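Report on the following structure.
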Amino acid sequence: MKYRKCGHSGVFLPEISLGLWHNFGATSDFREARAMILTAFERGVCHFDLANNYGPPPGSAETTFGRILHDDLAMHRDELFISSKAGHDMWSGVYGTGSSRKNLIASCDASLRRTGLEYFDVFYSHRYDGVTPVEETMQALIDIVRSGKALYAGISKYPPAEQQRAYDILREAKVPCLLSQYRASIFDRSAIETNFRPAAANGSGIICFSPLAQGLLTDKYLNGIPPTSRAANKDGFLQLSDVTPEKVEAARRLNEIAASRGQSLAQMAVAWLLADSRVTSVIVGTSSVRQLENNLAAIDSPEFTPEELAAIDEVYKNQTRR
Ligand SMILES: NC(=O)c1ccc[n+]([C@@H]2O[C@H](COP(=O)([O-])OP(=O)(O)OC[C@H]3O[C@@H](n4cnc5c(N)ncnc54)[C@H](OP(=O)(O)O)[C@@H]3O)[C@@H](O)[C@H]2O)c1
């Protein structure tokens, strides 16, 4: 594994991290979940990304992770960097969602209980909710850090104005924003274009989620919708309607470019993000050890030639034009 320094901090993260959004809940195969986490750890993936609502049911990915941590990795706690987040729908009632202090503090406590951890390495505000003042949410993060429940604070999916406000408040409180988490991939460039520059300018590390566009940037959907895919799963966030002929055609062309580079499309999609030196880490999701192994080989990707980058951009532009 290769490691990158996270913004202006002293923290290093693996270039590839493992996310537990799908495939680690109570409805998933526990043995495969355990094998993925242990394989990741053995291969130097020391960063695991959680959130209160990951499952299904919500909370169960943290419970799964806590069980594996307790049974297999307890003596390695100081080798691990573990995140969680709060802000999306979690429990019923008005306090079970959003970015209020009420939600964040209760969520952090509940996530610590589920995982059995004494502290998270980074705790995020999962989203700007459009209602809670950024001051309130950031003060909750500052207090979570100061109370020892997390070592660092992070933000996820904040729009540019709130993103900058968050950095300013956190910096002033001397709890600088360690990580900014945004969706980014060959198919989804909006955060790359709007949020990466301020993150880097403010000394925050950047960590990308859904680098494979939930599977669209792999060979998974090139020949139809496999029954064991996120798109076919009723609990999966990727909808059947997201697997459009345009996306599949673009993936087919990208797959050819990847093949000419001697790698899988998934590997090329991860390598494409890592070619941006502002990126600290890329969080992949996987449903099997085999996928994880495939993705980890992205670390040893050949550098992109200007022609390859232009060809990838051309595919991207063509599918957005339709
Ligand atoms: N901050 C936020 O709001 C936010 C939002 C979303 C995600 N995240 C974080 O980012 C992590 C990653 O997101 P994601 O799961 O959407 O990432 P992703 O890497 O874009 O998609 C993962 C899916 O792609 C497929 N896949 C992965 N490797 C493959 C391979 N080598 N060959 C074929 N298919 C492959 C699998 O689909 P199948 O399951 O169909 O096999 C897998 O479940 C999450 O777990 C979470 O930690 C954060």
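Labels used: A, B, ... for chains in the order of the structure tokens, numbers from 1 for residues in each chain, and numbers from 1 for ligands as shown.
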
Produce a table with one row for each residue of range 146-260 of chain A that has an atom at most 12 Å from any atom of range 23-40 of chain A, each row naming the nearest atom pair and its distance in Å at one decimal; use only C-alpha atoms; arrange rows by chain and rising residue number; format as CSV.
residue,atom,partner,partner_atom,distance
A:Thr228,CA,A:Asn23,CA,11.3
A:Ser229,CA,A:Asn23,CA,10.6
A:Arg230,CA,A:Asn23,CA,9.2
A:Asn233,CA,A:Asn23,CA,10.8
A:Lys234,CA,A:Thr27,CA,11.7
A:Asp235,CA,A:Thr27,CA,9.7
A:Gly236,CA,A:Asn23,CA,9.4
A:Phe237,CA,A:Asn23,CA,11.6

- [ ] Pull the strand (DSSP E) assignments for range 109-191 of chain A out of DSSP run on the backbone, and list those residues as an NGL selection string.
- [x] :A and (120-125 or 150-156 or 177-183)

- [ ] For Glu303 in chain A, work out the shell of residues within 10 Å, counting only C-alpha atoms and skipping chain neighbours fewer than 5 positions away, then give it as a list in words.
- [x]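 The residues satisfying every condition are Arg261, Ala271, Trp272, Ala275 and Glu308 of chain A.
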
Go ahead and write the residues just picked, C-alpha atoms, as a CSV table (one decimal), in the first residue's frame.
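Heads up, here's the output in again_5.csv:
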chain,number,residue,atom,x,y,z
A,261,ARG,CA,-3.4,0.1,-20.3
A,271,ALA,CA,-6.1,5.4,-10.6
A,272,TRP,CA,-7.7,8.3,-12.4
A,275,ALA,CA,-3.7,10.9,-10.4
A,308,GLU,CA,-5.3,8.4,-22.5

Open item on the list: Distance limit 7 Å, reference ligand 1, atoms considered: only C-alpha atoms and all ligand atoms. Which residues make the cut? Give them as a PyMOL selection string.
Closed with: chain A and resi 18-23+49-50+126-127+156-157+181-183+209-215+218-220+228-231+266+283-287+291-292+294-295

Task: Nearby residues (only C-alpha atoms) at most 9 Å from Ile16 in chain A, same-chain spacing under 6 positions excluded, as a count of residues only - done: 15
